[in-house]
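Shown here: data_14.txt, compact mmCIF, C-alpha atoms.
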# COMPACT_ATOMS: atom_id res chain seq x y z
CA MET Q 1 -57.24 75.05 153.14
CA SER Q 2 -57.48 71.38 154.07
CA ALA Q 3 -60.37 69.21 152.91
CA ALA Q 4 -61.72 68.96 156.48
CA LEU Q 5 -61.62 72.73 156.87
CA ASP Q 6 -63.36 73.11 153.48
CA ARG Q 7 -66.12 70.75 154.55
CA LEU Q 8 -66.61 72.64 157.82
CA ALA Q 9 -66.81 75.95 155.94
CA VAL Q 10 -69.45 74.52 153.58
CA GLU Q 11 -71.40 73.10 156.52
CA ILE Q 12 -71.45 76.45 158.32
CA ALA Q 13 -72.42 78.34 155.18
CA ALA Q 14 -75.33 75.93 154.59
CA ALA Q 15 -76.53 76.30 158.20
CA LEU Q 16 -76.42 80.10 157.94
CA GLY Q 17 -77.95 80.14 154.44
CA VAL Q 18 -75.10 82.15 152.95
CA PRO Q 19 -73.08 81.29 149.82
CA GLU Q 20 -69.77 81.09 151.68
CA VAL Q 21 -67.86 81.93 154.82
CA GLU Q 22 -64.44 83.59 154.95
CA GLY Q 23 -61.31 83.35 157.08
CA LEU Q 24 -62.24 80.21 159.01
CA GLU Q 25 -59.63 79.62 161.74
CA ALA Q 26 -59.43 77.64 164.96
CA LEU Q 27 -59.30 79.83 168.08
CA SER Q 28 -59.00 76.96 170.48
CA GLY Q 29 -59.33 73.25 170.21
CA GLY Q 30 -59.55 70.54 172.77
CA ALA Q 31 -60.79 67.01 173.07
CA SER Q 32 -64.16 68.24 174.32
CA ARG Q 33 -64.87 71.59 172.65
CA GLU Q 34 -63.72 73.65 169.66
CA THR Q 35 -64.06 77.34 168.93
CA TRP Q 36 -63.74 78.61 165.35
CA ALA Q 37 -63.71 82.21 164.12
CA PHE Q 38 -64.93 83.22 160.66
CA ARG Q 39 -66.73 85.96 158.74
CA ALA Q 40 -70.01 85.74 156.86
CA LYS Q 41 -72.45 88.13 155.24
CA GLY Q 42 -75.40 89.12 157.44
CA ALA Q 43 -78.97 89.77 156.26
CA ASP Q 44 -78.05 93.41 155.60
CA GLY Q 45 -75.21 92.37 153.30
CA ALA Q 46 -72.44 93.53 155.66
CA MET Q 47 -69.71 91.12 156.78
CA ARG Q 48 -69.97 90.01 160.40
CA ASP Q 49 -67.39 88.43 162.70
CA LEU Q 50 -68.79 85.17 164.02
CA ILE Q 51 -67.85 82.23 166.23
CA LEU Q 52 -68.66 78.56 165.76
CA ARG Q 53 -68.67 76.57 168.97
CA ARG Q 54 -68.89 72.85 168.47
CA ASP Q 55 -68.12 69.41 169.84
CA PRO Q 56 -65.43 67.67 167.81
CA PRO Q 57 -66.47 64.22 166.54
CA GLY Q 58 -66.39 61.68 169.34
CA ALA Q 59 -66.35 64.31 172.10
CA THR Q 60 -67.61 63.33 175.52
CA ARG Q 61 -69.51 65.49 177.95
CA GLY Q 62 -68.87 65.62 181.67
CA GLU Q 63 -71.63 64.67 184.05
CA GLY Q 64 -74.19 67.45 184.30
CA ALA Q 65 -72.82 69.25 181.21
CA ILE Q 66 -75.40 70.32 178.62
CA ASP Q 67 -75.30 69.88 174.82
CA ARG Q 68 -74.65 72.74 172.37
CA ALA Q 69 -78.35 73.27 171.53
CA THR Q 70 -79.15 73.70 175.22
CA GLU Q 71 -76.10 75.93 175.70
CA ALA Q 72 -77.24 78.17 172.83
CA ALA Q 73 -80.74 78.39 174.36
CA VAL Q 74 -79.31 79.30 177.79
CA ILE Q 75 -77.06 82.01 176.33
CA ASP Q 76 -80.04 83.38 174.44
CA ALA Q 77 -82.24 83.44 177.56
CA ALA Q 78 -79.49 84.97 179.72
CA GLY Q 79 -78.87 87.66 177.10
CA LYS Q 80 -82.58 88.47 176.99
CA ALA Q 81 -82.52 88.78 180.80
CA GLY Q 82 -79.88 91.50 180.36
CA ALA Q 83 -76.83 89.40 181.25
CA PRO Q 84 -73.68 90.19 179.26
CA ALA Q 85 -73.60 87.31 176.77
CA PRO Q 86 -72.89 86.91 173.06
CA LYS Q 87 -75.87 86.96 170.70
CA ILE Q 88 -76.74 83.55 169.28
CA VAL Q 89 -76.92 83.64 165.50
CA ARG Q 90 -77.90 80.06 164.69
CA SER Q 91 -78.30 76.82 166.62
CA MET Q 92 -77.00 73.89 164.56
CA GLY Q 93 -78.38 70.99 166.58
CA PRO Q 94 -76.93 69.22 169.60
CA ASN Q 95 -73.29 69.62 168.58
CA ALA Q 96 -72.77 73.17 167.36
CA PHE Q 97 -74.00 76.76 167.27
CA VAL Q 98 -72.93 80.07 165.78
CA MET Q 99 -72.72 83.26 167.85
CA GLU Q 100 -71.47 86.78 167.31
CA ARG Q 101 -67.77 87.45 167.89
CA LEU Q 102 -67.26 90.21 170.41
CA ALA Q 103 -64.04 92.17 170.75
CA GLY Q 104 -62.25 91.78 174.07
CA GLU Q 105 -59.68 89.82 176.01
CA THR Q 106 -60.03 86.56 177.97
CA ASP Q 107 -56.36 85.89 178.78
CA PRO Q 108 -55.98 86.56 182.54
CA ARG Q 109 -52.28 87.42 182.23
CA ARG Q 110 -53.03 90.26 179.80
CA ILE Q 111 -56.03 91.48 181.77
CA PHE Q 112 -53.91 91.66 184.92
CA LYS Q 113 -50.83 93.23 183.30
CA GLU Q 114 -51.86 95.65 180.58
CA ALA Q 115 -52.42 99.25 181.59
CA ARG Q 116 -55.36 99.63 179.21
CA PHE Q 117 -57.39 97.23 181.34
CA ALA Q 118 -56.90 99.26 184.55
CA PRO Q 119 -60.47 100.67 184.51
CA ALA Q 120 -61.89 97.18 183.85
CA ARG Q 121 -59.85 95.76 186.73
CA ALA Q 122 -61.11 98.47 189.08
CA ARG Q 123 -64.74 97.64 188.33
CA PHE Q 124 -64.38 93.88 187.90
CA ALA Q 125 -66.03 92.83 191.18
CA GLU Q 126 -68.95 95.20 190.67
CA ASP Q 127 -69.36 94.20 187.01
CA CYS Q 128 -69.43 90.54 188.00
CA GLY Q 129 -71.98 91.15 190.75
CA LEU Q 130 -74.26 93.01 188.34
CA ALA Q 131 -73.87 90.34 185.63
CA LEU Q 132 -74.61 87.52 188.05
CA ALA Q 133 -77.68 89.42 189.29
CA ARG Q 134 -79.01 89.40 185.73
CA ILE Q 135 -78.21 85.72 185.32
CA ARG Q 136 -79.96 84.88 188.60
CA ARG Q 137 -83.06 86.75 187.43
CA ALA Q 138 -83.39 84.98 184.06
CA SER Q 139 -87.00 83.90 183.74
CA PRO Q 140 -87.38 80.13 184.37
CA ALA Q 141 -90.04 80.01 181.63
CA ALA Q 142 -87.50 81.29 179.08
CA LEU Q 143 -84.88 78.68 179.98
CA PRO Q 144 -84.41 75.32 178.27
CA ASN Q 145 -84.58 72.14 180.30
CA LEU Q 146 -81.53 72.27 182.61
CA PRO Q 147 -80.18 69.87 185.21
CA ALA Q 148 -81.16 70.85 188.77
CA LEU Q 149 -77.91 70.67 190.72
CA GLY Q 150 -78.00 71.92 194.28
CA ALA Q 151 -75.13 71.33 196.68
CA ASP Q 152 -76.50 67.89 197.66
CA ALA Q 153 -76.80 66.58 194.09
CA GLN Q 154 -73.32 67.86 193.19
CA LEU Q 155 -71.73 66.40 196.30
CA ALA Q 156 -73.26 63.03 195.42
CA LEU Q 157 -71.60 63.29 192.00
CA TYR Q 158 -68.22 64.16 193.55
CA ARG Q 159 -68.58 61.31 196.05
CA ALA Q 160 -69.05 58.90 193.15
CA THR Q 161 -66.10 60.50 191.32
CA LEU Q 162 -63.71 60.18 194.26
CA ASP Q 163 -64.75 56.55 194.70
CA ARG Q 164 -64.37 55.81 190.99
CA LEU Q 165 -60.87 57.33 191.00
CA GLY Q 166 -59.95 55.38 194.13
CA ALA Q 167 -58.62 58.63 195.64
CA THR Q 168 -57.29 58.44 199.20
CA ARG Q 169 -57.39 62.08 200.14
CA PRO Q 170 -58.14 62.85 203.81
CA VAL Q 171 -58.34 66.60 203.11
CA PHE Q 172 -60.99 66.10 200.43
CA GLU Q 173 -62.88 63.76 202.77
CA LEU Q 174 -62.77 66.43 205.48
CA ALA Q 175 -64.00 69.05 203.01
CA MET Q 176 -66.75 66.76 201.69
CA ARG Q 177 -67.91 66.01 205.24
CA TRP Q 178 -67.94 69.72 206.11
CA LEU Q 179 -69.86 70.55 202.94
CA LEU Q 180 -72.46 67.86 203.73
CA LEU Q 181 -72.90 69.04 207.33
CA ASN Q 182 -72.96 72.77 206.63
CA MET Q 183 -75.25 73.03 203.61
CA PRO Q 184 -77.05 76.38 203.60
CA GLU Q 185 -80.84 76.57 203.56
CA PRO Q 186 -82.07 75.72 200.07
CA VAL Q 187 -83.21 78.66 197.92
CA ALA Q 188 -85.57 78.77 194.95
CA PRO Q 189 -83.54 77.25 192.09
CA ALA Q 190 -82.28 79.88 189.66
CA LEU Q 191 -79.99 79.94 186.64
CA VAL Q 192 -76.34 79.31 187.55
CA HIS Q 193 -73.64 79.87 184.90
CA GLY Q 194 -71.48 77.12 186.39
CA ASP Q 195 -68.03 78.35 185.33
CA PHE Q 196 -68.10 82.12 185.87
CA ARG Q 197 -64.45 83.06 186.40
CA MET Q 198 -61.49 84.84 184.86
CA GLY Q 199 -60.61 82.96 181.68
CA ASN Q 200 -64.27 82.54 180.71
CA LEU Q 201 -65.01 86.25 180.95
CA LEU Q 202 -64.50 88.54 177.98
CA ILE Q 203 -63.07 91.82 179.25
CA GLY Q 204 -62.87 95.12 177.39
CA GLU Q 205 -61.05 98.28 178.35
CA THR Q 206 -64.16 99.63 180.05
CA GLY Q 207 -65.23 96.47 181.82
CA LEU Q 208 -66.93 93.09 181.51
CA ILE Q 209 -68.30 92.48 178.02
CA ALA Q 210 -69.62 88.94 178.15
CA ALA Q 211 -69.65 85.67 180.03
CA LEU Q 212 -68.58 82.80 177.74
CA ASP Q 213 -68.59 79.00 178.04
CA TRP Q 214 -72.05 78.23 179.39
CA GLU Q 215 -71.82 74.46 179.03
CA LEU Q 216 -71.97 73.89 182.80
CA ALA Q 217 -75.12 76.01 183.22
CA HIS Q 218 -77.70 74.49 185.56
CA LEU Q 219 -80.40 75.36 188.06
CA GLY Q 220 -79.22 75.82 191.61
CA ASP Q 221 -78.17 78.31 194.27
CA PRO Q 222 -77.05 81.58 192.64
CA ALA Q 223 -74.41 81.92 195.38
CA GLU Q 224 -72.57 79.02 193.70
CA ASP Q 225 -71.37 81.34 190.92
CA LEU Q 226 -70.25 83.96 193.47
CA GLY Q 227 -68.25 81.43 195.48
CA TRP Q 228 -66.59 79.90 192.39
CA LEU Q 229 -65.49 83.39 191.29
CA CYS Q 230 -63.72 83.84 194.66
CA VAL Q 231 -61.81 80.53 194.62
CA ARG Q 232 -58.12 81.31 195.05
CA SER Q 233 -57.18 79.30 191.97
CA TRP Q 234 -58.91 81.97 189.84
CA ARG Q 235 -57.11 84.94 191.43
CA PHE Q 236 -53.92 84.51 189.42
CA GLY Q 237 -51.88 85.85 192.29
CA GLY Q 238 -53.83 89.11 192.43
CA ALA Q 239 -54.94 90.80 195.64
CA GLY Q 240 -58.64 90.69 196.40
CA ALA Q 241 -60.89 87.68 196.76
CA VAL Q 242 -63.00 88.31 193.65
CA GLY Q 243 -60.89 87.02 190.79
CA GLY Q 244 -57.84 88.61 192.37
CA LEU Q 245 -59.26 92.06 191.62
CA GLY Q 246 -61.94 93.07 194.10
CA ALA Q 247 -63.57 92.63 197.48
CA ARG Q 248 -66.29 90.15 198.40
CA GLU Q 249 -68.38 93.01 199.84
CA THR Q 250 -68.35 94.81 196.48
CA LEU Q 251 -69.46 91.64 194.70
CA LEU Q 252 -72.27 90.92 197.18
CA ALA Q 253 -73.52 94.53 197.16
CA ALA Q 254 -73.71 94.60 193.35
CA HIS Q 255 -75.36 91.17 193.26
CA ASP Q 256 -77.99 92.34 195.75
CA GLY Q 257 -79.47 88.85 195.97
CA GLY Q 258 -79.61 88.30 199.71
CA VAL Q 259 -76.41 86.23 199.76
CA ASP Q 260 -74.68 86.66 203.12
CA ALA Q 261 -71.00 86.16 203.93
CA ALA Q 262 -71.60 82.66 205.36
CA ARG Q 263 -73.36 81.41 202.23
CA LEU Q 264 -70.63 82.90 200.05
CA ARG Q 265 -68.02 81.21 202.25
CA TYR Q 266 -69.79 77.86 201.86
CA TRP Q 267 -69.71 78.09 198.07
CA GLU Q 268 -66.11 79.28 198.08
CA ILE Q 269 -65.10 76.19 200.05
CA PHE Q 270 -67.32 74.12 197.76
CA GLY Q 271 -65.62 75.60 194.69
CA THR Q 272 -62.14 75.01 196.09
CA PHE Q 273 -63.05 71.35 196.74
CA LYS Q 274 -64.62 71.07 193.29
CA TRP Q 275 -61.51 72.39 191.54
CA GLY Q 276 -59.44 69.91 193.53
CA VAL Q 277 -61.61 67.02 192.32
CA ILE Q 278 -61.37 68.32 188.75
CA CYS Q 279 -57.56 68.25 189.04
CA LEU Q 280 -57.79 64.57 190.02
CA ILE Q 281 -60.14 63.86 187.10
CA GLN Q 282 -57.74 65.53 184.64
CA ALA Q 283 -54.77 63.57 185.99
CA GLU Q 284 -56.72 60.32 185.72
CA ARG Q 285 -57.39 60.96 182.03
CA HIS Q 286 -53.62 60.81 181.56
CA LEU Q 287 -52.85 58.07 184.10
CA SER Q 288 -55.50 55.74 182.66
CA GLY Q 289 -53.85 56.09 179.25
CA ARG Q 290 -57.09 57.31 177.70
CA GLU Q 291 -55.64 60.72 176.92
CA VAL Q 292 -51.87 60.75 177.35
CA SER Q 293 -50.90 64.34 178.12
CA LEU Q 294 -48.12 65.99 180.06
CA GLU Q 295 -50.48 68.86 180.84
CA HIS Q 296 -53.03 66.55 182.45
CA ALA Q 297 -50.30 64.78 184.42
CA ALA Q 298 -49.04 68.12 185.72
CA ILE Q 299 -52.49 69.32 186.75
CA GLY Q 300 -52.75 66.30 189.08
CA ARG Q 301 -50.17 67.95 191.31
CA ARG Q 302 -52.25 71.11 191.47
CA ALA Q 303 -54.80 69.27 193.61
CA SER Q 304 -52.51 69.98 196.56
CA GLU Q 305 -53.03 73.74 196.04
CA THR Q 306 -56.69 73.24 196.81
CA GLU Q 307 -55.87 70.97 199.76
CA TYR Q 308 -53.66 73.76 201.11
CA ASP Q 309 -56.41 76.34 200.65
CA LEU Q 310 -59.06 74.04 202.14
CA MET Q 311 -56.97 73.59 205.29
CA ASN Q 312 -56.78 77.38 205.58
CA MET Q 313 -60.57 77.60 205.41
CA LEU Q 314 -61.83 74.57 207.35
CA ARG Q 315 -62.06 74.72 211.12
CA MET P 1 -50.70 62.17 201.90
CA GLU P 2 -51.48 60.86 198.46
CA ALA P 3 -49.38 62.43 195.73
CA ARG P 4 -50.53 61.40 192.28
CA PRO P 5 -49.10 61.28 189.72
CA THR P 6 -46.17 59.73 191.58
CA VAL P 7 -42.60 60.83 190.86
CA ASP P 8 -42.18 57.90 188.45
CA GLU P 9 -45.45 58.72 186.70
CA LEU P 10 -44.35 62.33 186.33
CA LEU P 11 -41.03 61.31 184.83
CA ASP P 12 -42.86 58.99 182.41
CA ALA P 13 -45.14 61.86 181.40
CA VAL P 14 -42.18 64.12 180.61
CA ARG P 15 -40.36 61.37 178.72
CA GLY P 16 -43.48 60.50 176.76
CA PHE P 17 -43.95 64.16 175.91
CA ARG P 18 -40.37 64.45 174.62
CA GLU P 19 -40.81 61.32 172.49
CA ARG P 20 -44.21 62.33 171.08
CA GLU P 21 -43.41 65.90 170.17
CA SER P 22 -40.82 66.71 167.55
CA PHE P 23 -40.02 70.36 167.67
CA GLY P 24 -39.29 72.44 164.63
CA ALA P 25 -39.67 76.14 165.29
CA PRO P 26 -41.60 76.00 168.57
CA THR P 27 -45.12 77.42 168.56
CA PRO P 28 -46.39 79.29 171.64
CA ARG P 29 -48.13 76.03 172.59
CA ASP P 30 -44.83 74.10 172.36
CA LEU P 31 -43.12 76.71 174.54
CA TYR P 32 -45.92 76.45 177.07
CA LEU P 33 -45.60 72.65 177.22
CA MET P 34 -41.84 72.93 177.64
CA ARG P 35 -42.45 75.19 180.65
CA VAL P 36 -44.87 72.56 181.99
CA ALA P 37 -42.17 69.90 181.54
CA ASP P 38 -39.69 72.07 183.45
CA SER P 39 -42.10 72.60 186.32
CA VAL P 40 -42.84 68.85 186.49
CA LEU P 41 -39.10 68.10 186.70
CA ALA P 42 -38.78 70.71 189.44
CA ILE P 43 -41.49 68.89 191.43
CA VAL P 44 -39.58 65.65 191.04
CA GLU P 45 -36.36 67.29 192.26
CA ARG P 46 -38.06 68.83 195.30
CA GLU P 47 -39.77 65.55 196.15
CA LYS P 48 -36.43 63.72 196.11
CA VAL P 49 -35.03 66.23 198.62
CA LEU P 50 -38.04 66.92 200.82
CA GLY P 51 -40.24 63.85 200.33
CA PRO P 52 -38.67 61.32 202.72
CA ALA P 53 -38.66 63.61 205.79
CA ALA P 54 -42.21 64.79 205.02
CA GLU P 55 -43.45 61.21 204.75
CA ASP P 56 -41.72 60.27 207.99
CA ALA P 57 -43.20 63.15 209.92
CA GLU P 58 -46.62 62.48 208.45
CA ALA P 59 -46.52 58.80 209.44
CA LYS P 60 -45.56 59.76 213.00
CA ARG P 61 -48.42 62.25 213.28
CA LEU P 62 -50.89 59.76 211.85
CA ALA P 63 -49.71 57.08 214.30
CA ALA P 64 -50.25 59.49 217.19
CA ILE P 65 -53.87 59.90 216.14
CA LEU P 66 -54.86 56.43 214.95
CA GLY P 67 -52.16 54.07 216.21
CA PRO P 68 -49.02 52.61 214.65
CA LYS P 69 -50.53 50.55 211.83
CA ALA P 70 -53.02 53.11 210.55
CA THR P 71 -52.98 54.26 206.92
CA ASP P 72 -54.31 57.30 205.10
CA LYS P 73 -57.03 55.02 203.79
CA ASP P 74 -58.19 54.32 207.35
CA LEU P 75 -58.09 58.03 208.10
CA ALA P 76 -60.11 58.90 204.98
CA LYS P 77 -62.74 56.30 205.90
CA LEU P 78 -63.04 57.54 209.49
CA ILE P 79 -63.42 61.15 208.38
CA ARG P 80 -66.07 60.08 205.88
CA ASP P 81 -67.94 58.19 208.61
CA GLY P 82 -68.02 61.24 210.87
CA ALA P 83 -65.49 60.13 213.49
CA PHE P 84 -63.86 63.59 213.41
CA ASP P 85 -66.96 65.76 213.23
CA GLU P 86 -66.25 67.33 216.63
CA GLY P 87 -64.26 67.07 219.83
CA THR P 88 -60.55 67.15 220.63
CA GLN P 89 -59.82 64.57 217.93
CA ARG P 90 -60.96 67.07 215.33
CA ARG P 91 -58.39 69.60 216.53
CA ALA P 92 -55.67 66.93 216.34
CA LEU P 93 -56.79 65.91 212.84
CA ILE P 94 -56.82 69.47 211.56
CA ASP P 95 -53.35 70.17 212.97
CA HIS P 96 -52.11 66.97 211.31
CA LEU P 97 -53.61 67.75 207.91
CA LYS P 98 -52.40 71.36 208.05
CA ALA P 99 -48.85 70.11 208.59
CA SER P 100 -49.30 67.65 205.71
CA VAL P 101 -50.51 70.24 203.20
CA VAL P 102 -47.71 72.63 204.17
CA ASP P 103 -45.13 69.92 203.49
CA ARG P 104 -46.89 68.84 200.29
CA ILE P 105 -47.16 72.36 198.81
CA ALA P 106 -43.43 72.87 199.50
CA ILE P 107 -42.90 70.07 196.98
CA ASP P 108 -45.71 70.62 194.47
CA HIS P 109 -45.82 74.44 194.27
CA PRO P 110 -43.83 76.34 196.93
CA LYS P 111 -44.92 79.75 195.66
CA TRP P 112 -48.52 78.88 196.49
CA ALA P 113 -47.68 79.19 200.19
CA HIS P 114 -45.79 82.47 199.82
CA PRO P 115 -47.28 85.10 202.16
CA ALA P 116 -47.44 87.68 199.37
CA ARG P 117 -49.75 85.37 197.46
CA GLN P 118 -52.11 84.88 200.39
CA SER P 119 -53.77 87.97 199.05
CA ASP P 120 -56.84 87.59 201.15
CA ASP P 121 -58.32 87.92 204.59
CA ARG P 122 -57.06 84.68 206.05

I need this file expressed as structure tokens, please.
Amino acid sequence: MSAALDRLAVEIAAALGVPEVEGLEALSGGASRETWAFRAKGADGAMRDLILRRDPPGATRGEGAIDRATEAAVIDAAGKAGAPAPKIVRSMGPNAFVMERLAGETDPRRIFKEARFAPARARFAEDCGLALARIRRASPAALPNLPALGADAQLALYRATLDRLGATRPVFELAMRWLLLNMPEPVAPALVHGDFRMGNLLIGETGLIAALDWELAHLGDPAEDLGWLCVRSWRFGGAGAVGGLGARETLLAAHDGGVDAARLRYWEIFGTFKWGVICLIQAERHLSGREVSLEHAAIGRRASETEYDLMNMLR
Amino acid sequence: MEARPTVDELLDAVRGFRERESFGAPTPRDLYLMRVADSVLAIVEREKVLGPAAEDAEAKRLAAILGPKATDKDLAKLIRDGAFDEGTQRRALIDHLKASVVDRIAIDHPKWAHPARQSDDR
């Protein structure tokens, strides 16, 4: 065990008030967020599988993204509202928290391919609709202070981003213009997960177990989560608009939140545009030399996938 | 239409990657990045073959809409200012951009346009 790993283990043990933690290992690491798995003794003396989610030193947060303390509070509130979410074990300040480790799969390729997930695939759209209904109904009083980000506020952010990047993208301008002119009637702001899609969803053999990665949670139009889930980039080649696995009608019926097809369509176009802008942001991290990465360079050329999809949707 | 990173920037990214990483027994992450490098080189190869004709056709379509000296920057500004919100010009713009994205996806990710992957109601 390296000295840095030792220090982290001691830090976690101190925060949890246990003598030691076991089996600390990195599950994923990036420049912005790390996930660590470990085991520690619970109050009853039994060993529990836990997850540490933290910002690595020097990490930056995207605009509108919340800190780890706020994320832990949102997950806690969503869980109490009945949404499938991991239980928070301990908040460790603005940069880290500990939550329970649930068994399941997040890798889309496995979820799509393996026979054991067939029942989960069949009920995916319905599961997501029901989960998002619970998220939408989370009591505002129970939520921490969250950014209020309706379509207008988000489009203003993306306008500034496109200008900052110096992007000359007629298709994105056309999409932005359409999104500004066709904004649906505002609704009472409710909890929005912000990144509810395959890859951030923990799937078991019987269905959806938990929504993970709540760092983009905000207050807004609940239909935003529904539209994002239907963006073609999250279908992984599968048939069916909802994550490549189900029908929009199934999702909307399970959600039962008064979202009509036109509002869903708006947020699907919005989400497609948003993913396109994110591709440009990722490429710029490489091109600016701030974070030299072949992966980020490559993702720049995925922006044209969203341009292609936008031109199939815009009239 | 704008294609960033450019072909040269993509080649630099692959070269930089090969210089930075020294491979012993490749981890799953290394193998993944090698696949990314392959796909980036495939984009470069397709752009060399298909790029010039696509750019030519695009320039001709743009000139038909905005005149001979117009650039994508002019087009982006006009769209942003609402010049294409409605009317026959909108139809012409949409036809132009549809042709551009079809040509662009044939370079960046041809499979994306495969009918079998249009798994939806469009």

Could the residues of chain Q within 6 Å of chain P, counting all atoms listed in the file, be given as a PDB file with C-alpha atoms, keeping the file's coordinate frame, please?
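Result written to iface.pdb:
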ATOM      1  CA  THR Q 168     -57.290  58.440 199.200  1.00  0.00           C
ATOM      2  CA  PRO Q 170     -58.140  62.850 203.810  1.00  0.00           C
ATOM      3  CA  GLU Q 173     -62.880  63.760 202.770  1.00  0.00           C
ATOM      4  CA  GLY Q 237     -51.880  85.850 192.290  1.00  0.00           C
ATOM      5  CA  ALA Q 239     -54.940  90.800 195.640  1.00  0.00           C
ATOM      6  CA  GLY Q 240     -58.640  90.690 196.400  1.00  0.00           C
ATOM      7  CA  ALA Q 241     -60.890  87.680 196.760  1.00  0.00           C
ATOM      8  CA  LEU Q 294     -48.120  65.990 180.060  1.00  0.00           C
ATOM      9  CA  TYR Q 308     -53.660  73.760 201.110  1.00  0.00           C
ATOM     10  CA  MET Q 311     -56.970  73.590 205.290  1.00  0.00           C
TER      11      MET Q 311
END

Set up a box along x, y and z of the file covering all listed atoms of stretch 22-35 of chain P, add 8 Å on every one of the six sides, and write the centre and edge lengths in Å to one decimal, as JSON.
{"center_x": -43.7, "center_y": 73.0, "center_z": 172.6, "size_x": 24.8, "size_y": 28.6, "size_z": 32.0}

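The smallest atom-to-atom distance between Q:Thr206 and any of Q:Asp127, Q:Asp67, Q:Asp76, Q:Glu295, using all atoms listed in the file, is found for Q:Asp127.
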
| field | Test item: residues at most 7 Å from Q:Leu191, all atoms listed in the file, excluding those fewer than 2 positions along its chain, as a VMD selection string | value | chain Q and resid 135 to 136 138 193 218 to 220 222

| message | Applying 10 Å and all atoms listed in the file, which residues near Q:Glu224 remain after dropping the ones on its own chain fewer than 6 positions away? List them as number ranges by chain. | response | Q: 150-151, 192-196, 263-268, 270-271

| said: Just the number, please: distance in Å from atom CA of Q:Gly199 to atom CA of Q:Arg110, one decimal. | reply: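 It comes out at 10.7 Å.
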
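Comparing Q:Met313, Q:Ile281, Q:Lys87, Q:Ala14 by their smallest distance to Q:Ala298, the closest is Q:Ile281 (using only C-alpha atoms).
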
| said: Just the number, please: distance in Å from atom CA of Q:Leu212 to atom CA of Q:Arg301, one decimal. | reply: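 We find that atom CA of Q:Leu212 and atom CA of Q:Arg301 lie 27.3 Å from each other.
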